[in-house]
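**Student:** So that you have it, the file is input15.txt, and it contains compact mmCIF, C-alpha atoms and all ligand atoms:
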```txt
# COMPACT_ATOMS: atom_id res chain seq x y z
CA MET A 809 -13.02 -3.57 5.70
CA HIS A 810 -16.23 -1.82 6.79
CA SER A 811 -17.95 -0.50 3.70
CA VAL A 812 -18.38 -1.82 0.17
CA LEU A 813 -19.57 -0.03 -2.96
CA VAL A 814 -21.47 -2.50 -5.14
CA THR A 815 -22.03 -1.28 -8.71
CA GLY A 816 -25.03 -2.83 -10.45
CA GLY A 817 -26.43 -3.92 -7.09
CA ALA A 818 -30.04 -3.57 -8.26
CA GLY A 819 -29.53 -6.11 -11.06
CA PHE A 820 -29.77 -9.90 -10.89
CA ILE A 821 -26.41 -11.03 -9.51
CA GLY A 822 -25.58 -7.72 -7.81
CA SER A 823 -28.78 -7.77 -5.74
CA ASN A 824 -28.21 -11.39 -4.73
CA PHE A 825 -24.64 -10.46 -3.73
CA VAL A 826 -25.86 -7.51 -1.64
CA ARG A 827 -28.32 -9.85 0.11
CA HIS A 828 -25.44 -12.27 0.72
CA LEU A 829 -23.27 -9.48 2.22
CA ILE A 830 -26.08 -8.28 4.49
CA SER A 831 -26.84 -11.78 5.77
CA THR A 832 -23.30 -13.15 6.16
CA THR A 833 -21.17 -10.10 7.14
CA ASP A 834 -21.52 -6.87 9.13
CA LEU A 835 -20.35 -4.70 6.21
CA SER A 836 -22.36 -1.68 5.17
CA VAL A 837 -23.20 -1.51 1.49
CA THR A 838 -23.78 1.28 -0.99
CA VAL A 839 -25.35 0.26 -4.28
CA LEU A 840 -24.50 2.44 -7.28
CA ASP A 841 -26.94 1.62 -10.07
CA LYS A 842 -28.23 3.50 -13.11
CA MET A 843 -31.57 1.65 -12.81
CA THR A 844 -31.67 0.56 -16.45
CA TYR A 845 -34.47 -1.72 -17.69
CA ALA A 846 -32.55 -4.63 -16.05
CA ALA A 847 -32.65 -3.17 -12.53
CA SER A 848 -35.34 -3.42 -9.89
CA ARG A 849 -35.66 -1.46 -6.65
CA GLU A 850 -37.79 -4.30 -5.28
CA SER A 851 -34.80 -6.67 -5.43
CA ILE A 852 -33.19 -4.83 -2.51
CA ALA A 853 -36.10 -2.84 -1.06
CA ASP A 854 -36.56 -5.05 2.01
CA LEU A 855 -32.92 -4.77 3.18
CA PRO A 856 -32.20 -2.74 6.35
CA GLU A 857 -31.75 0.96 5.54
CA ASP A 858 -28.89 1.37 8.01
CA ARG A 859 -26.89 -1.33 6.17
CA CYS A 860 -27.84 -0.79 2.53
CA ARG A 861 -28.20 2.50 0.64
CA LEU A 862 -29.08 2.95 -3.04
CA VAL A 863 -27.45 5.73 -5.07
CA VAL A 864 -29.02 6.08 -8.51
CA GLY A 865 -26.26 7.07 -10.91
CA ASP A 866 -24.08 6.11 -13.84
CA ILE A 867 -20.65 4.49 -13.49
CA VAL A 868 -19.56 6.69 -16.41
CA ASP A 869 -20.14 9.80 -14.23
CA ALA A 870 -16.55 10.46 -13.09
CA ALA A 871 -17.40 13.03 -10.38
CA LEU A 872 -20.00 10.79 -8.73
CA VAL A 873 -17.79 7.71 -9.01
CA ASP A 874 -14.80 9.56 -7.52
CA GLU A 875 -16.83 10.73 -4.52
CA LEU A 876 -18.32 7.27 -3.84
CA VAL A 877 -15.14 5.27 -4.35
CA ALA A 878 -13.22 7.64 -2.05
CA SER A 879 -15.63 6.96 0.81
CA HIS A 880 -15.59 3.12 0.69
CA ASP A 881 -13.07 0.44 1.60
CA ALA A 882 -13.75 -1.73 -1.45
CA VAL A 883 -15.60 -1.75 -4.76
CA VAL A 884 -17.27 -4.85 -6.19
CA HIS A 885 -18.07 -4.03 -9.80
CA PHE A 886 -21.09 -5.88 -11.25
CA ALA A 887 -22.63 -3.05 -13.31
CA ALA A 888 -22.79 -3.92 -16.98
CA GLU A 889 -25.00 -4.26 -19.97
CA SER A 890 -25.31 -8.04 -19.70
CA HIS A 891 -27.50 -9.48 -22.46
CA ASN A 892 -25.96 -10.85 -25.66
CA ASP A 893 -29.12 -10.45 -27.76
CA ASN A 894 -29.32 -6.74 -26.86
CA SER A 895 -25.66 -6.28 -27.77
CA LEU A 896 -26.40 -7.59 -31.26
CA ASN A 897 -29.22 -5.05 -31.70
CA ASP A 898 -27.33 -2.04 -30.29
CA PRO A 899 -23.74 -2.39 -29.07
CA SER A 900 -23.39 1.29 -28.08
CA PRO A 901 -24.44 1.08 -24.38
CA PHE A 902 -22.19 -1.98 -24.00
CA VAL A 903 -19.15 0.04 -25.04
CA GLN A 904 -20.13 2.93 -22.77
CA THR A 905 -20.96 1.00 -19.61
CA ASN A 906 -18.72 -2.04 -19.86
CA LEU A 907 -15.60 -0.27 -21.15
CA VAL A 908 -15.85 3.44 -20.26
CA GLY A 909 -17.65 2.66 -16.98
CA THR A 910 -14.95 0.21 -15.88
CA PHE A 911 -12.24 2.71 -16.88
CA THR A 912 -13.97 5.40 -14.79
CA LEU A 913 -14.11 3.16 -11.72
CA LEU A 914 -10.49 2.07 -12.14
CA GLU A 915 -9.31 5.67 -12.26
CA ALA A 916 -11.09 6.37 -8.98
CA ALA A 917 -9.76 3.16 -7.35
CA ARG A 918 -6.26 4.17 -8.47
CA LYS A 919 -6.56 7.74 -7.14
CA HIS A 920 -7.90 6.67 -3.74
CA ASP A 921 -6.08 3.30 -3.46
CA VAL A 922 -9.32 1.38 -2.91
CA ARG A 923 -9.53 -2.44 -3.20
CA PHE A 924 -11.34 -3.36 -6.43
CA HIS A 925 -13.00 -6.61 -7.47
CA HIS A 926 -14.11 -6.89 -11.10
CA ILE A 927 -16.95 -9.25 -12.04
CA SER A 928 -16.60 -10.85 -15.44
CA THR A 929 -17.78 -13.77 -17.52
CA ASP A 930 -16.54 -17.04 -19.01
CA GLU A 931 -17.65 -15.65 -22.39
CA VAL A 932 -14.35 -13.77 -22.70
CA TYR A 933 -12.81 -17.14 -23.67
CA GLY A 934 -15.09 -17.67 -26.69
CA ASP A 935 -16.64 -21.11 -27.03
CA LEU A 936 -15.68 -24.79 -27.01
CA GLU A 937 -16.72 -27.64 -29.31
CA LEU A 938 -19.27 -30.01 -27.75
CA ASP A 939 -16.74 -32.86 -27.72
CA ASP A 940 -13.71 -30.83 -26.54
CA PRO A 941 -12.30 -32.56 -23.43
CA ASN A 942 -10.88 -29.23 -22.19
CA ARG A 943 -12.61 -26.61 -20.09
CA PHE A 944 -11.72 -22.93 -19.63
CA THR A 945 -8.96 -22.16 -17.11
CA GLU A 946 -7.27 -18.92 -16.05
CA ALA A 947 -4.65 -19.64 -18.75
CA THR A 948 -7.12 -19.91 -21.67
CA ALA A 949 -6.60 -17.24 -24.35
CA TYR A 950 -9.24 -14.53 -24.74
CA GLU A 951 -11.41 -15.00 -27.87
CA PRO A 952 -14.75 -13.24 -27.31
CA SER A 953 -17.47 -13.59 -29.94
CA SER A 954 -20.19 -10.98 -29.35
CA PRO A 955 -20.28 -7.23 -28.72
CA TYR A 956 -21.21 -8.08 -25.10
CA SER A 957 -18.36 -10.52 -24.51
CA SER A 958 -15.80 -8.38 -26.34
CA THR A 959 -16.60 -5.38 -24.12
CA LYS A 960 -16.32 -7.61 -21.03
CA ALA A 961 -12.98 -8.92 -22.32
CA GLY A 962 -11.80 -5.34 -22.87
CA SER A 963 -12.85 -4.41 -19.33
CA ASP A 964 -10.87 -7.34 -17.91
CA LEU A 965 -7.79 -6.17 -19.81
CA LEU A 966 -8.21 -2.65 -18.45
CA VAL A 967 -8.23 -4.09 -14.91
CA ARG A 968 -5.09 -6.14 -15.59
CA ALA A 969 -3.32 -3.09 -17.01
CA TRP A 970 -4.31 -0.87 -14.07
CA VAL A 971 -2.91 -3.51 -11.68
CA ARG A 972 0.38 -3.78 -13.50
CA SER A 973 0.88 -0.15 -14.53
CA PHE A 974 -0.55 1.69 -11.53
CA GLY A 975 -0.56 -0.88 -8.70
CA VAL A 976 -4.36 -0.89 -8.33
CA ARG A 977 -5.30 -3.54 -5.74
CA ALA A 978 -7.65 -5.51 -7.98
CA THR A 979 -8.82 -9.08 -8.55
CA ILE A 980 -10.99 -10.46 -11.38
CA SER A 981 -13.47 -13.34 -11.46
CA ASN A 982 -14.96 -14.95 -14.57
CA CYS A 983 -18.12 -16.91 -13.85
CA SER A 984 -20.35 -19.19 -15.90
CA ASN A 985 -24.15 -18.85 -16.43
CA ASN A 986 -26.04 -17.94 -13.25
CA TYR A 987 -29.61 -18.84 -12.40
CA GLY A 988 -31.82 -18.17 -9.38
CA PRO A 989 -34.19 -15.50 -8.02
CA TYR A 990 -34.39 -11.90 -9.31
CA GLN A 991 -33.15 -12.72 -12.85
CA HIS A 992 -34.68 -10.63 -15.64
CA VAL A 993 -37.21 -12.42 -17.88
CA GLU A 994 -35.08 -11.75 -20.97
CA LYS A 995 -32.64 -14.46 -19.84
CA PHE A 996 -33.09 -18.12 -20.84
CA ILE A 997 -34.33 -19.81 -17.66
CA PRO A 998 -36.69 -17.06 -16.40
CA ARG A 999 -38.02 -16.57 -19.92
CA GLN A 1000 -39.01 -20.24 -20.21
CA ILE A 1001 -40.39 -20.44 -16.64
CA THR A 1002 -42.60 -17.39 -17.23
CA GLN A 1003 -43.72 -18.74 -20.63
CA LEU A 1004 -44.83 -21.91 -18.84
CA ILE A 1005 -46.55 -20.01 -16.01
CA ASP A 1006 -48.51 -18.21 -18.75
CA GLY A 1007 -49.42 -21.53 -20.39
CA LEU A 1008 -47.22 -20.74 -23.43
CA ARG A 1009 -44.41 -22.69 -25.11
CA PRO A 1010 -40.66 -22.36 -24.31
CA ARG A 1011 -38.56 -20.86 -27.13
CA LEU A 1012 -35.36 -22.67 -28.03
CA TYR A 1013 -32.73 -21.01 -30.24
CA GLY A 1014 -31.47 -23.15 -33.14
CA ASP A 1015 -31.03 -26.87 -32.47
CA GLY A 1016 -31.00 -26.37 -28.68
CA LEU A 1017 -27.76 -28.30 -28.26
CA ASN A 1018 -25.69 -25.31 -27.07
CA VAL A 1019 -24.22 -26.02 -23.65
CA ARG A 1020 -24.09 -23.62 -20.71
CA ASP A 1021 -22.35 -24.35 -17.37
CA TRP A 1022 -25.04 -23.43 -14.81
CA ILE A 1023 -24.23 -22.15 -11.34
CA HIS A 1024 -26.70 -21.02 -8.68
CA VAL A 1025 -26.35 -17.28 -8.05
CA GLU A 1026 -25.85 -17.92 -4.31
CA ASP A 1027 -22.69 -19.90 -5.13
CA HIS A 1028 -21.46 -17.01 -7.30
CA SER A 1029 -22.00 -14.64 -4.34
CA SER A 1030 -20.07 -16.81 -1.88
CA ALA A 1031 -17.23 -17.17 -4.39
CA VAL A 1032 -16.98 -13.40 -4.91
CA LEU A 1033 -16.91 -12.75 -1.16
CA THR A 1034 -14.18 -15.39 -0.80
CA ILE A 1035 -12.08 -13.68 -3.49
CA LEU A 1036 -12.72 -10.23 -2.03
CA THR A 1037 -11.49 -11.30 1.40
CA LYS A 1038 -8.87 -13.96 0.57
CA GLY A 1039 -7.89 -13.46 -3.08
CA GLU A 1040 -4.39 -12.48 -4.13
CA ILE A 1041 -4.10 -9.02 -5.69
CA GLY A 1042 -3.60 -9.17 -9.45
CA GLN A 1043 -5.05 -12.66 -9.75
CA THR A 1044 -7.94 -13.95 -11.85
CA TYR A 1045 -10.21 -16.71 -10.51
CA LEU A 1046 -12.69 -18.73 -12.57
CA ILE A 1047 -16.00 -19.49 -10.81
CA GLY A 1048 -18.02 -22.56 -11.80
CA ALA A 1049 -19.93 -25.45 -10.26
CA ASP A 1050 -19.59 -28.27 -12.86
CA GLY A 1051 -23.12 -27.61 -14.16
CA GLU A 1052 -22.91 -28.29 -17.91
CA LYS A 1053 -26.32 -28.83 -19.54
CA ASN A 1054 -27.57 -28.25 -23.06
CA ASN A 1055 -30.51 -25.90 -23.56
CA LEU A 1056 -32.82 -28.71 -24.68
CA GLU A 1057 -32.18 -30.60 -21.42
CA VAL A 1058 -33.06 -27.48 -19.41
CA VAL A 1059 -36.27 -26.88 -21.40
CA ARG A 1060 -37.27 -30.53 -20.98
CA ALA A 1061 -36.66 -30.35 -17.19
CA LEU A 1062 -38.88 -27.25 -17.02
CA LEU A 1063 -41.62 -28.85 -19.15
CA GLU A 1064 -41.59 -31.84 -16.78
CA ALA A 1065 -41.81 -29.54 -13.72
CA PHE A 1066 -44.95 -27.98 -15.22
CA GLY A 1067 -46.46 -31.36 -16.18
CA ARG A 1068 -46.22 -30.54 -19.88
CA ASP A 1069 -45.33 -32.78 -22.82
CA ALA A 1070 -41.57 -33.15 -23.50
CA ASP A 1071 -41.96 -31.75 -27.05
CA ASP A 1072 -44.18 -28.82 -26.11
CA PHE A 1073 -41.67 -26.11 -27.16
CA ASP A 1074 -40.79 -24.11 -30.32
CA HIS A 1075 -37.48 -23.99 -32.16
CA VAL A 1076 -36.95 -20.31 -33.08
CA THR A 1077 -34.39 -18.28 -35.06
CA ASP A 1078 -30.88 -18.87 -33.75
CA ARG A 1079 -28.75 -16.10 -32.22
CA PRO A 1080 -26.17 -14.82 -34.77
CA GLY A 1081 -22.70 -16.09 -33.81
CA HIS A 1082 -24.26 -18.21 -31.03
CA ASP A 1083 -21.49 -19.63 -28.81
CA ARG A 1084 -21.68 -23.43 -28.79
CA ARG A 1085 -20.41 -24.38 -25.34
CA TYR A 1086 -18.98 -22.86 -22.16
CA ALA A 1087 -17.30 -24.97 -19.47
CA ILE A 1088 -15.36 -23.78 -16.41
CA ASP A 1089 -12.54 -25.46 -14.52
CA SER A 1090 -12.63 -23.77 -11.09
CA THR A 1091 -9.76 -25.78 -9.56
CA LYS A 1092 -7.70 -22.69 -8.73
CA LEU A 1093 -10.47 -21.07 -6.68
CA ARG A 1094 -11.21 -24.34 -4.87
CA THR A 1095 -7.64 -25.32 -4.08
CA GLU A 1096 -6.05 -21.91 -3.41
CA LEU A 1097 -8.95 -20.20 -1.59
CA GLY A 1098 -10.89 -23.24 -0.30
CA TRP A 1099 -14.23 -22.28 -1.93
CA GLN A 1100 -16.84 -24.97 -2.64
CA PRO A 1101 -20.28 -24.60 -4.24
CA GLN A 1102 -23.18 -25.36 -1.88
CA PHE A 1103 -26.04 -25.35 -4.41
CA GLY A 1104 -24.62 -27.83 -6.95
CA ASP A 1105 -27.81 -29.90 -7.33
CA PHE A 1106 -29.25 -28.33 -10.50
CA SER A 1107 -32.66 -30.06 -10.31
CA SER A 1108 -33.41 -28.83 -6.80
CA GLY A 1109 -32.02 -25.35 -7.63
CA LEU A 1110 -34.24 -25.25 -10.72
CA ALA A 1111 -37.32 -26.37 -8.71
CA ASP A 1112 -36.66 -23.61 -6.15
CA THR A 1113 -36.27 -21.08 -8.96
CA VAL A 1114 -39.57 -22.16 -10.57
CA GLN A 1115 -41.24 -21.74 -7.19
CA TRP A 1116 -39.69 -18.28 -6.73
CA TYR A 1117 -41.16 -17.09 -10.08
CA ARG A 1118 -44.54 -18.61 -9.16
CA ASP A 1119 -44.46 -16.77 -5.81
CA ASN A 1120 -43.16 -13.44 -7.16
CA GLU A 1121 -45.22 -12.69 -10.25
CA SER A 1122 -45.52 -9.02 -9.23
CA TRP A 1123 -41.72 -8.77 -9.50
CA TRP A 1124 -41.40 -10.10 -13.08
CA ARG A 1125 -44.77 -9.41 -14.70
CA PRO A 1126 -44.12 -5.70 -15.54
CA ALA A 1127 -41.18 -6.64 -17.81
CA LYS A 1128 -42.68 -9.67 -19.55
CA ALA A 1129 -44.76 -8.11 -22.36
CA ALA A 1130 -42.05 -5.69 -23.53
CA THR A 1131 -39.45 -8.46 -23.45
CA GLU A 1132 -41.60 -10.76 -25.59
CA SER A 1133 -42.32 -7.92 -28.08
CA MET A 1134 -38.57 -7.40 -28.44
CA TYR A 1135 -38.05 -11.12 -29.10
CA ALA A 1136 -41.04 -11.34 -31.47
CA ALA A 1137 -39.53 -8.56 -33.61
CA GLN A 1138 -36.47 -10.73 -34.24
CA GLY A 1139 -38.32 -14.04 -34.77
CA GLN A 1140 -37.37 -15.41 -31.37
P1 LIG A 1201 -28.12 -7.45 -15.00
O1 LIG A 1201 -28.32 -6.95 -16.39
O2 LIG A 1201 -29.21 -8.21 -14.34
O3 LIG A 1201 -27.76 -6.23 -14.03
C1 LIG A 1201 -26.87 -5.21 -14.40
C2 LIG A 1201 -27.08 -4.03 -13.47
O4 LIG A 1201 -26.15 -3.01 -13.83
C3 LIG A 1201 -28.49 -3.41 -13.56
O5 LIG A 1201 -29.00 -3.18 -12.28
C4 LIG A 1201 -28.24 -2.11 -14.30
O6 LIG A 1201 -29.18 -1.07 -13.99
C5 LIG A 1201 -26.83 -1.76 -13.85
N1 LIG A 1201 -26.17 -0.87 -14.80
C6 LIG A 1201 -26.09 -1.01 -16.15
N2 LIG A 1201 -25.43 0.04 -16.69
C7 LIG A 1201 -25.05 0.83 -15.65
C8 LIG A 1201 -24.32 2.04 -15.57
N3 LIG A 1201 -23.83 2.65 -16.67
N4 LIG A 1201 -24.11 2.59 -14.34
C9 LIG A 1201 -24.60 1.99 -13.22
N5 LIG A 1201 -25.31 0.84 -13.25
C10 LIG A 1201 -25.53 0.27 -14.45
O7 LIG A 1201 -26.77 -8.29 -15.05
P2 LIG A 1201 -26.33 -9.60 -14.24
O8 LIG A 1201 -26.77 -10.78 -14.99
O9 LIG A 1201 -26.69 -9.42 -12.83
O10 LIG A 1201 -24.74 -9.48 -14.40
C11 LIG A 1201 -23.98 -8.74 -13.46
C12 LIG A 1201 -22.52 -8.86 -13.80
O11 LIG A 1201 -22.13 -10.23 -13.79
C13 LIG A 1201 -22.16 -8.32 -15.18
O12 LIG A 1201 -20.90 -7.69 -15.09
C14 LIG A 1201 -22.05 -9.58 -16.04
O13 LIG A 1201 -21.16 -9.39 -17.10
C15 LIG A 1201 -21.52 -10.57 -15.02
N6 LIG A 1201 -21.85 -11.99 -15.25
C16 LIG A 1201 -23.14 -12.37 -15.46
C17 LIG A 1201 -23.43 -13.73 -15.58
C18 LIG A 1201 -24.84 -14.22 -15.76
O14 LIG A 1201 -25.06 -15.41 -15.91
N7 LIG A 1201 -25.85 -13.37 -15.72
C19 LIG A 1201 -22.39 -14.67 -15.54
C20 LIG A 1201 -21.06 -14.22 -15.35
C21 LIG A 1201 -20.81 -12.88 -15.20
O1 LIG A 1202 -21.72 -17.38 -19.50
C1 LIG A 1202 -22.01 -16.27 -18.73
C2 LIG A 1202 -23.01 -15.39 -19.45
O2 LIG A 1202 -24.28 -16.02 -19.33
C3 LIG A 1202 -23.08 -13.97 -18.88
O3 LIG A 1202 -21.85 -13.33 -19.12
C4 LIG A 1202 -24.20 -13.16 -19.53
O4 LIG A 1202 -24.32 -11.90 -18.91
C5 LIG A 1202 -25.50 -13.93 -19.37
O5 LIG A 1202 -26.54 -13.25 -20.06
C6 LIG A 1202 -25.35 -15.34 -19.92
O6 LIG A 1202 -25.16 -15.29 -21.36
P1 LIG A 1202 -25.92 -16.33 -22.34
O7 LIG A 1202 -26.00 -15.68 -23.66
O8 LIG A 1202 -25.33 -17.68 -22.23
O9 LIG A 1202 -27.38 -16.36 -21.58
P2 LIG A 1202 -28.87 -16.36 -22.12
O10 LIG A 1202 -29.74 -16.53 -20.92
O11 LIG A 1202 -29.16 -15.22 -23.01
O12 LIG A 1202 -28.94 -17.69 -23.00
C7 LIG A 1202 -28.56 -18.96 -22.47
C8 LIG A 1202 -28.65 -19.96 -23.61
O13 LIG A 1202 -30.03 -20.16 -23.96
C9 LIG A 1202 -27.96 -19.53 -24.87
O14 LIG A 1202 -27.41 -20.69 -25.50
C10 LIG A 1202 -29.07 -18.95 -25.74
C11 LIG A 1202 -30.25 -19.82 -25.35
N1 LIG A 1202 -31.59 -19.21 -25.40
C12 LIG A 1202 -31.78 -17.99 -24.79
C13 LIG A 1202 -33.02 -17.42 -24.75
C14 LIG A 1202 -33.26 -16.07 -24.10
C15 LIG A 1202 -32.65 -19.90 -25.95
O15 LIG A 1202 -32.50 -21.02 -26.49
N2 LIG A 1202 -33.90 -19.34 -25.91
C16 LIG A 1202 -34.14 -18.13 -25.33
O16 LIG A 1202 -35.30 -17.68 -25.32
```
Here is a file; write its structure as structure tokens.

**Tutor:**
Amino acid sequence: MHSVLVTGGAGFIGSNFVRHLISTTDLSVTVLDKMTYAASRESIADLPEDRCRLVVGDIVDAALVDELVASHDAVVHFAAESHNDNSLNDPSPFVQTNLVGTFTLLEAARKHDVRFHHISTDEVYGDLELDDPNRFTEATAYEPSSPYSSTKAGSDLLVRAWVRSFGVRATISNCSNNYGPYQHVEKFIPRQITQLIDGLRPRLYGDGLNVRDWIHVEDHSSAVLTILTKGEIGQTYLIGADGEKNNLEVVRALLEAFGRDADDFDHVTDRPGHDRRYAIDSTKLRTELGWQPQFGDFSSGLADTVQWYRDNESWWRPAKAATESMYAAQGQ
């Protein structure tokens, strides 16, 4: 394998993955990204031009996708509309990008017999009760709740069907909540960090007891590269780092990091249909492919992330006001 096409490589996880590829392999990378509001050229601007090229385009554009897929050895497909709150306001781009875009890529991978890795989410499995002793595994039934997660679930099923019906050489990974550098300020952790940098109060949906299973984005990247190089075609691998925390705990850790009072936050309108808890059992990935997370200490990962947002205000500041206006309009 010499060249990889990374869709969505100017977004949060995609850009971290491209950085991971450039620093740990000698692969050359083409990023295909529509440059939506969630993308940033700055996230990959410092990478060497002879190793990383950006093509601005839409994964729904069949002619462009066909040409790019044909000229690469593998596709790693991150591009998506990724934010649940947006999907509740306007599901349309989620259907287009997450479903039609994935279909378009699969057709090109099928035609040119190109290795395909599909990036997905633990949200396809719905949610768990807080006291449920079980976690999600590869055998858990799909039960997505939101327009976002249902379009991701549909895209996973397209991949499975293209493997079985057409022999496409694809793998799928479903990962839990990522955090780390280059994450858009609409998402929970960067939103609260940037509120605190601005001297404002964190905003907690509902009772704040919803649990997310946090993983550092660098661990997601190493897991995806492991699956791309060692994964078995047709298989699904769950990616997680045993990082369950409720949202209140995360807000309190951030308040402490900023020297603020533990109750210095606001409860705001809850998300409709808000999933209660996600939890990943990543035994298959660890035992079959030998992957281990390296950034499992959440408090030091969170401290590094706070420092990154302090050091990179020019990266996030342009999106902050518009994001907060959007939230204010829905009482959040
Ligand atoms: P993001 O919103 O930060 O980035 C998505 C990128 O895709 C952006 O650069 C955007 O411009 C691009 N894009 C959107 N529509 C496109 C289109 N039609 N054509 C080309 N490019 C397009 O998202 P993220 O948080 O980095 O998530 C990346 C992937 O990982 C998604 O597939 C998401 O479902 C999955 N995922 C995310 C998380 C998480 O915690 N953020 C966890 C598990 C899985
Ligand atoms: O589980 C993986 C998923 O994680 C990915 O598939 C999604 O792309 C990604 O966006 C993320 O989805 P969540 O909905 O869990 O992430 P979000 O950052 O939006 O919210 C995390 C939790 O924090 C959730 O319980 C809602 C809550 N929340 C969020 C925001 C933005 C708040 O309490 N306050 C906030 O201001």

**Student:** Output as JSON lines one row per residue of chain A within 7 Å of ligand LIG 1201 (chain A): the closest atom pair and its distance in Å to one decimal place, counting all atoms listed in the file, sorted by chain and residue number ascending.

**Tutor:**
```
{"residue": "A:Thr815", "atom": "CA", "partner": "A:LIG1201", "partner_atom": "N5", "distance": 6.0}
{"residue": "A:Gly816", "atom": "CA", "partner": "A:LIG1201", "partner_atom": "O4", "distance": 3.6}
{"residue": "A:Gly817", "atom": "CA", "partner": "A:LIG1201", "partner_atom": "O5", "distance": 5.8}
{"residue": "A:Ala818", "atom": "CA", "partner": "A:LIG1201", "partner_atom": "O5", "distance": 4.2}
{"residue": "A:Gly819", "atom": "CA", "partner": "A:LIG1201", "partner_atom": "O5", "distance": 3.2}
{"residue": "A:Phe820", "atom": "CA", "partner": "A:LIG1201", "partner_atom": "O9", "distance": 3.7}
{"residue": "A:Ile821", "atom": "CA", "partner": "A:LIG1201", "partner_atom": "O9", "distance": 3.7}
{"residue": "A:Gly822", "atom": "CA", "partner": "A:LIG1201", "partner_atom": "O9", "distance": 5.4}
{"residue": "A:Leu840", "atom": "CA", "partner": "A:LIG1201", "partner_atom": "C9", "distance": 6.0}
{"residue": "A:Asp841", "atom": "CA", "partner": "A:LIG1201", "partner_atom": "N5", "distance": 3.7}
{"residue": "A:Lys842", "atom": "CA", "partner": "A:LIG1201", "partner_atom": "C9", "distance": 3.9}
{"residue": "A:Met843", "atom": "CA", "partner": "A:LIG1201", "partner_atom": "O6", "distance": 3.8}
{"residue": "A:Thr844", "atom": "CA", "partner": "A:LIG1201", "partner_atom": "O6", "distance": 3.9}
{"residue": "A:Tyr845", "atom": "CA", "partner": "A:LIG1201", "partner_atom": "O6", "distance": 6.5}
{"residue": "A:Ala846", "atom": "CA", "partner": "A:LIG1201", "partner_atom": "O1", "distance": 4.8}
{"residue": "A:Ala847", "atom": "CA", "partner": "A:LIG1201", "partner_atom": "O5", "distance": 3.7}
{"residue": "A:Ser848", "atom": "CA", "partner": "A:LIG1201", "partner_atom": "O5", "distance": 6.8}
{"residue": "A:Gly865", "atom": "CA", "partner": "A:LIG1201", "partner_atom": "C9", "distance": 5.8}
{"residue": "A:Asp866", "atom": "CA", "partner": "A:LIG1201", "partner_atom": "N4", "distance": 3.6}
{"residue": "A:Ile867", "atom": "CA", "partner": "A:LIG1201", "partner_atom": "N4", "distance": 4.0}
{"residue": "A:Val868", "atom": "CA", "partner": "A:LIG1201", "partner_atom": "N3", "distance": 5.9}
{"residue": "A:Phe886", "atom": "CA", "partner": "A:LIG1201", "partner_atom": "C12", "distance": 4.2}
{"residue": "A:Ala887", "atom": "CA", "partner": "A:LIG1201", "partner_atom": "O4", "distance": 3.6}
{"residue": "A:Ala888", "atom": "CA", "partner": "A:LIG1201", "partner_atom": "C6", "distance": 4.5}
{"residue": "A:Glu889", "atom": "CA", "partner": "A:LIG1201", "partner_atom": "C6", "distance": 5.1}
{"residue": "A:Ser890", "atom": "CA", "partner": "A:LIG1201", "partner_atom": "O1", "distance": 4.6}
{"residue": "A:His891", "atom": "CA", "partner": "A:LIG1201", "partner_atom": "O1", "distance": 6.6}
{"residue": "A:Thr905", "atom": "CA", "partner": "A:LIG1201", "partner_atom": "N3", "distance": 4.4}
{"residue": "A:Gly909", "atom": "CA", "partner": "A:LIG1201", "partner_atom": "N3", "distance": 6.2}
{"residue": "A:Ile927", "atom": "CA", "partner": "A:LIG1201", "partner_atom": "O12", "distance": 5.2}
{"residue": "A:Ser928", "atom": "CA", "partner": "A:LIG1201", "partner_atom": "C21", "distance": 4.7}
{"residue": "A:Thr929", "atom": "CA", "partner": "A:LIG1201", "partner_atom": "C21", "distance": 3.9}
{"residue": "A:Asp930", "atom": "CA", "partner": "A:LIG1201", "partner_atom": "C20", "distance": 6.5}
{"residue": "A:Lys960", "atom": "CA", "partner": "A:LIG1201", "partner_atom": "O13", "distance": 6.5}
{"residue": "A:Asn982", "atom": "CA", "partner": "A:LIG1201", "partner_atom": "C20", "distance": 6.2}
{"residue": "A:Cys983", "atom": "CA", "partner": "A:LIG1201", "partner_atom": "C20", "distance": 4.3}
{"residue": "A:Ser984", "atom": "CA", "partner": "A:LIG1201", "partner_atom": "C19", "distance": 5.0}
{"residue": "A:Asn985", "atom": "CA", "partner": "A:LIG1201", "partner_atom": "O14", "distance": 3.6}
{"residue": "A:Asn986", "atom": "CA", "partner": "A:LIG1201", "partner_atom": "O14", "distance": 3.8}
{"residue": "A:Tyr987", "atom": "CA", "partner": "A:LIG1201", "partner_atom": "O14", "distance": 6.7}
{"residue": "A:Gln991", "atom": "CA", "partner": "A:LIG1201", "partner_atom": "O2", "distance": 6.2}
{"residue": "A:His992", "atom": "CA", "partner": "A:LIG1201", "partner_atom": "O2", "distance": 6.1}
```

**Student:** When distances are computed from all atoms listed in the file, which of A:Gln1100, A:Pro1080, A:Lys1128, A:Leu938 shows the smallest separation from Ser1030 of chain A?

**Tutor:**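 The shortest atom-to-atom distance to Ser1030 of chain A comes from A:Gln1100.
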
**Student:** Compile the contact shell of Ser1108 of chain A as a list in words: residues with an atom at most 12 Å away, counting only C-alpha atoms, same-chain residues fewer than 6 positions apart removed.

**Tutor:**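 Everything that qualifies: Gly988, His1024, Ala1061, Leu1062, Ala1065, Gln1102, Val1114 and Gln1115 of chain A.
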
**Student:** What does the distance between atom CA of Leu829 of chain A and atom CA of Arg977 of chain A come to in Å, to one decimal place?

**Tutor:**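 That distance, rounded to one decimal, is 20.5 Å.
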